[in-house]
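Okay, so here's the structure we're looking at.
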Amino acid sequence: MANGLPPLPEIPPEQRTPLVEALLAVICAQQDRIAQLEETVRQLRDEIAILKGQKPRPKIAPSQLEQPPSPPPPAAGQKRPGSDKKPKNAQLTITRERRIDFPNPPAGSVSKGYEEYVVQELVIRAEVTRFLRERIVTADGQSLLAPLPAEVLPGRHFGADLVSYILHQYHHNHVTQPLLHEELAQRGIVISTGQLNNILTEGKQIFHEEKAEVLTAGLTTATYIQVDDTGARHDGKNGYCTHIGNEFFAYFESTDSKSRLNFLHVLRGEHGDYVINDVAVAYWQKYGLAAALIAALTEGPTHFTDAAVWNECLQRLGITTTRLVRIATEGALLGSLIAHGVSPELAVLSDGAGQFNILFHAACWVHAERPLARMIPHNEQHRLAIEQVRQQIWELYQDLKGYQQQPQPDQVPVLTARFEALCSQRTVYPSINQVLKDMRQHQADLLRVLERPEVPLHNNAAESDIRDYVKKRKISGSTRSDAGRDCRDTFASLKKTCRKLGIGFWNYLSDRIRGLGEVPRLGDLIRQRAAEAIAKKAQAVPI
């Protein structure tokens, strides 16, 4: 019995007529629907409990397809890995040294030198400097004022460390603006809410420009990207945030839509042109644009500077219906992407959402298996069927993972045949059969690793990247101004990219606020790391 529903009776094979099979399928579908409605009721009850100040039911995460292996136990006489003490003091920079003499030593005592004792401290206090600038009058009558020191930010009455601290607290530690204002006041900083908001949102062009560089460098050096999206309310309206990234960069962009057209606009970044090339033509052919329309589009100019010029071309050619305009525009956007240096062989790994299906699309195995993990069996036969199919998926996944680590061409047909056998089987539970049918329809996407071993088998990295964005959204709610939304996306992109490149976000902020340039441009670092990865891979391949 599951969720109070009686189990389905076991029917012998000789009694399973077509009518009985059809009735069983209807009953299973109804029970699945009832289970979904019960889950909705539980979610609504949790929301009501939270509104009443009560605790909702505890959340038990479903089992994942891939569990991290447990570390092997230490051998006899050996310590646990990571338990060895490291000389921490050797990593410290001594900023102050005090010599402490023994107070009132006994008569006849002899000094034997000094022993080190290191104490770390964090100095957080308000520091207000009044600069008295000398004013002089030159012989020719000019009135001149002594310049401020270089460490003073031009036109600012707040120091670089304070500005960096505000940005770090808000974007890295997710401290809300009211709490941040209260904290600064308690530390002796006199700043209005308007000035605090200006520090958080205004004059951030250098950061927006570097975010654009991150996307350009990331896409032009990538062999694959991982993508995902999540909700992002703005100005009281529902919106979406799209994430793009791989092991070297992360990029976030909030928009009002989550369509494929919108995804291509996000990928295109700061470029605003439309291009007709072989990739655009191939896209039009794939999605059924008439040959006559393709010929008309390719006979004229192939580059359009902006949306107005492109739409004028479509009007002139009589392409006015919504579907034709959408397909034609998607192809021209994809052509622009390739024209600006993105590889036409780029693999796009997603959770299976249709808007991400461009170029060489790859699907996530965790998302493909997830419906089985959430499925509720109605009897023992269903439970066994779910368990058996999940075990088969798990075993095939592990073998695909082994192929990814050591590709062997002779294993491609073997693994492909195993996938087809897995998806073509029929079980006693129609819901399982539907999941297997969906997997079969996405065979090329799920087996992308066989031709592109560098592409991950799951999209966990993208979900991990976007989880931090979701925490920010839950804490601060929606954005209200366009500048606030842009800053939220920009600093989320820069923070995640810094983490992937091994750069401290505080060091990055402090460097950029002061204009020192000691921390390299993130785009340059992305290109460097990508080149190093290619060189390392080339050395690993036997000649």
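Here's how to read the names in the structure tokens: chain A, B, ... by the order shown, residue numbers from 1 in each chain, ligand numbers from 1 in the order shown.
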Exercise. Which polymer residues have any atom within 12 Å of an atom of Lys88 (chain A), counting only C-alpha atoms, with same-chain residues fewer than 6 positions away left out, as a PyMOL selection string?
Worked result: chain A and resi 118-120
Problem set entry | Trp365 (chain A) environment, 9 Å, only C-alpha atoms, sequence neighbours closer than 3 positions dropped, as a list in words |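 Close residues of Trp365 (chain A): Leu65, Asp351, Ala368, Glu369, Arg370, Ile393, Tyr397, Leu446, Leu457, His458 and Asn459 of chain A.
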For this session: Would you mind listing what lies within 10 Å of region 502-505 of chain A as a VMD selection string, with only C-alpha atoms counted and same-chain residues fewer than 2 positions away left out?
Result: chain A and resid 164 168 171 to 172 248 491 494 to 500 507 to 511 519 to 520 522
Save out the residues we just selected, N, CA, C and O atoms, as an mmCIF file, in the first residue's frame.
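So the final result, stored in result_14.cif, reads:
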```
data_model
loop_
_atom_site.group_PDB
_atom_site.id
_atom_site.type_symbol
_atom_site.label_atom_id
_atom_site.label_comp_id
_atom_site.auth_asym_id
_atom_site.auth_seq_id
_atom_site.Cartn_x
_atom_site.Cartn_y
_atom_site.Cartn_z
ATOM 1 N N SER A 164 35.155 48.084 -0.762
ATOM 2 C CA SER A 164 35.346 46.655 -1.015
ATOM 3 C C SER A 164 34.589 45.812 0.005
ATOM 4 O O SER A 164 33.998 44.782 -0.324
ATOM 5 N N HIS A 168 31.735 43.138 -0.799
ATOM 6 C CA HIS A 168 32.006 41.754 -0.402
ATOM 7 C C HIS A 168 30.907 41.225 0.515
ATOM 8 O O HIS A 168 30.442 40.084 0.349
ATOM 9 N N HIS A 171 27.550 40.898 -1.835
ATOM 10 C CA HIS A 171 27.541 39.946 -2.944
ATOM 11 C C HIS A 171 28.165 38.605 -2.593
ATOM 12 O O HIS A 171 27.836 37.595 -3.223
ATOM 13 N N HIS A 172 29.059 38.564 -1.623
ATOM 14 C CA HIS A 172 29.699 37.295 -1.269
ATOM 15 C C HIS A 172 29.035 36.649 -0.063
ATOM 16 O O HIS A 172 28.764 35.446 -0.065
ATOM 17 N N PHE A 248 36.084 26.744 -16.030
ATOM 18 C CA PHE A 248 36.907 27.947 -15.975
ATOM 19 C C PHE A 248 36.116 29.227 -15.743
ATOM 20 O O PHE A 248 36.697 30.250 -15.378
ATOM 21 N N PHE A 491 28.192 40.633 -10.361
ATOM 22 C CA PHE A 491 29.037 40.199 -9.250
ATOM 23 C C PHE A 491 28.881 38.705 -8.975
ATOM 24 O O PHE A 491 29.826 38.064 -8.507
ATOM 25 N N LEU A 494 31.305 37.286 -11.581
ATOM 26 C CA LEU A 494 32.710 37.514 -11.253
ATOM 27 C C LEU A 494 33.131 36.700 -10.035
ATOM 28 O O LEU A 494 34.246 36.165 -9.982
ATOM 29 N N LYS A 495 32.245 36.593 -9.035
ATOM 30 C CA LYS A 495 32.596 35.833 -7.833
ATOM 31 C C LYS A 495 32.805 34.360 -8.157
ATOM 32 O O LYS A 495 33.807 33.761 -7.730
ATOM 33 N N LYS A 496 31.884 33.755 -8.916
ATOM 34 C CA LYS A 496 32.017 32.341 -9.255
ATOM 35 C C LYS A 496 33.228 32.103 -10.149
ATOM 36 O O LYS A 496 33.929 31.087 -10.018
ATOM 37 N N THR A 497 33.486 33.022 -11.070
ATOM 38 C CA THR A 497 34.646 32.868 -11.947
ATOM 39 C C THR A 497 35.935 32.961 -11.151
ATOM 40 O O THR A 497 36.882 32.193 -11.383
ATOM 41 N N CYS A 498 36.004 33.889 -10.208
ATOM 42 C CA CYS A 498 37.189 33.993 -9.342
ATOM 43 C C CYS A 498 37.423 32.690 -8.590
ATOM 44 O O CYS A 498 38.561 32.211 -8.482
ATOM 45 N N ARG A 499 36.360 32.105 -8.088
ATOM 46 C CA ARG A 499 36.500 30.851 -7.343
ATOM 47 C C ARG A 499 37.027 29.739 -8.243
ATOM 48 O O ARG A 499 37.889 28.952 -7.831
ATOM 49 N N LYS A 500 36.531 29.654 -9.467
ATOM 50 C CA LYS A 500 36.997 28.617 -10.385
ATOM 51 C C LYS A 500 38.461 28.815 -10.765
ATOM 52 O O LYS A 500 39.179 27.842 -11.037
ATOM 53 N N ASN A 507 40.403 39.834 -2.687
ATOM 54 C CA ASN A 507 41.583 40.374 -3.375
ATOM 55 C C ASN A 507 41.201 40.985 -4.722
ATOM 56 O O ASN A 507 41.730 42.032 -5.116
ATOM 57 N N TYR A 508 40.273 40.325 -5.417
ATOM 58 C CA TYR A 508 39.829 40.845 -6.707
ATOM 59 C C TYR A 508 39.124 42.194 -6.543
ATOM 60 O O TYR A 508 39.436 43.165 -7.257
ATOM 61 N N LEU A 509 38.179 42.277 -5.599
ATOM 62 C CA LEU A 509 37.449 43.531 -5.390
ATOM 63 C C LEU A 509 38.399 44.655 -4.989
ATOM 64 O O LEU A 509 38.324 45.773 -5.519
ATOM 65 N N SER A 510 39.287 44.377 -4.042
ATOM 66 C CA SER A 510 40.212 45.403 -3.571
ATOM 67 C C SER A 510 41.102 45.905 -4.703
ATOM 68 O O SER A 510 41.373 47.104 -4.822
ATOM 69 N N ASP A 511 41.546 44.986 -5.559
ATOM 70 C CA ASP A 511 42.406 45.375 -6.679
ATOM 71 C C ASP A 511 41.652 46.251 -7.674
ATOM 72 O O ASP A 511 42.164 47.280 -8.132
ATOM 73 N N VAL A 519 45.830 41.968 -9.999
ATOM 74 C CA VAL A 519 45.099 40.738 -10.319
ATOM 75 C C VAL A 519 44.812 40.742 -11.814
ATOM 76 O O VAL A 519 44.181 41.683 -12.326
ATOM 77 N N PRO A 520 45.276 39.740 -12.562
ATOM 78 C CA PRO A 520 45.077 39.750 -14.024
ATOM 79 C C PRO A 520 43.602 39.799 -14.404
ATOM 80 O O PRO A 520 42.720 39.439 -13.619
ATOM 81 N N LEU A 522 40.233 38.609 -15.738
ATOM 82 C CA LEU A 522 39.691 37.254 -15.658
ATOM 83 C C LEU A 522 39.608 36.599 -17.034
ATOM 84 O O LEU A 522 39.818 35.392 -17.167
#
```
Problem set entry | Those in region 441-483 of chain A with alpha helix (DSSP H) from DSSP, as a list in words |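 Secondary structure check on region 441-483 of chain A, alpha helix (DSSP H): Gln441, Gln443, Ala444, Asp445, Leu446, Asn460, Ala461, Ala462, Glu463, Ser464, Asp465, Ile466, Arg467, Asp468, Tyr469, Val470, Lys471, Lys472, Arg473, Lys474, Ile475, Ser476, Asp482 and Ala483 of chain A.
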Exercise. Between CA of Asp438 (chain A) and CA of Arg326 (chain A), what is the distance, to one decimal in Å?
Worked result: 26.2 Å
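Here CA of Leu349 (chain A) is placed at a distance of 26.0 Å from CA of Arg485 (chain A).
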Problem set entry | CA of Thr230 (chain A) to CA of Val348 (chain A), distance in Å rounded to a single decimal |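 Between CA of Thr230 (chain A) and CA of Val348 (chain A) the gap is 17.3 Å.
Neighbours of Gly335 (chain A) closer than or equal to 9 Å, with only C-alpha atoms counted and sequence neighbours fewer than 6 positions away skipped, come out as Tyr274, Val275, Ile276, Asn277, Asp278, Val279, Ala280 and Val281 of chain A.
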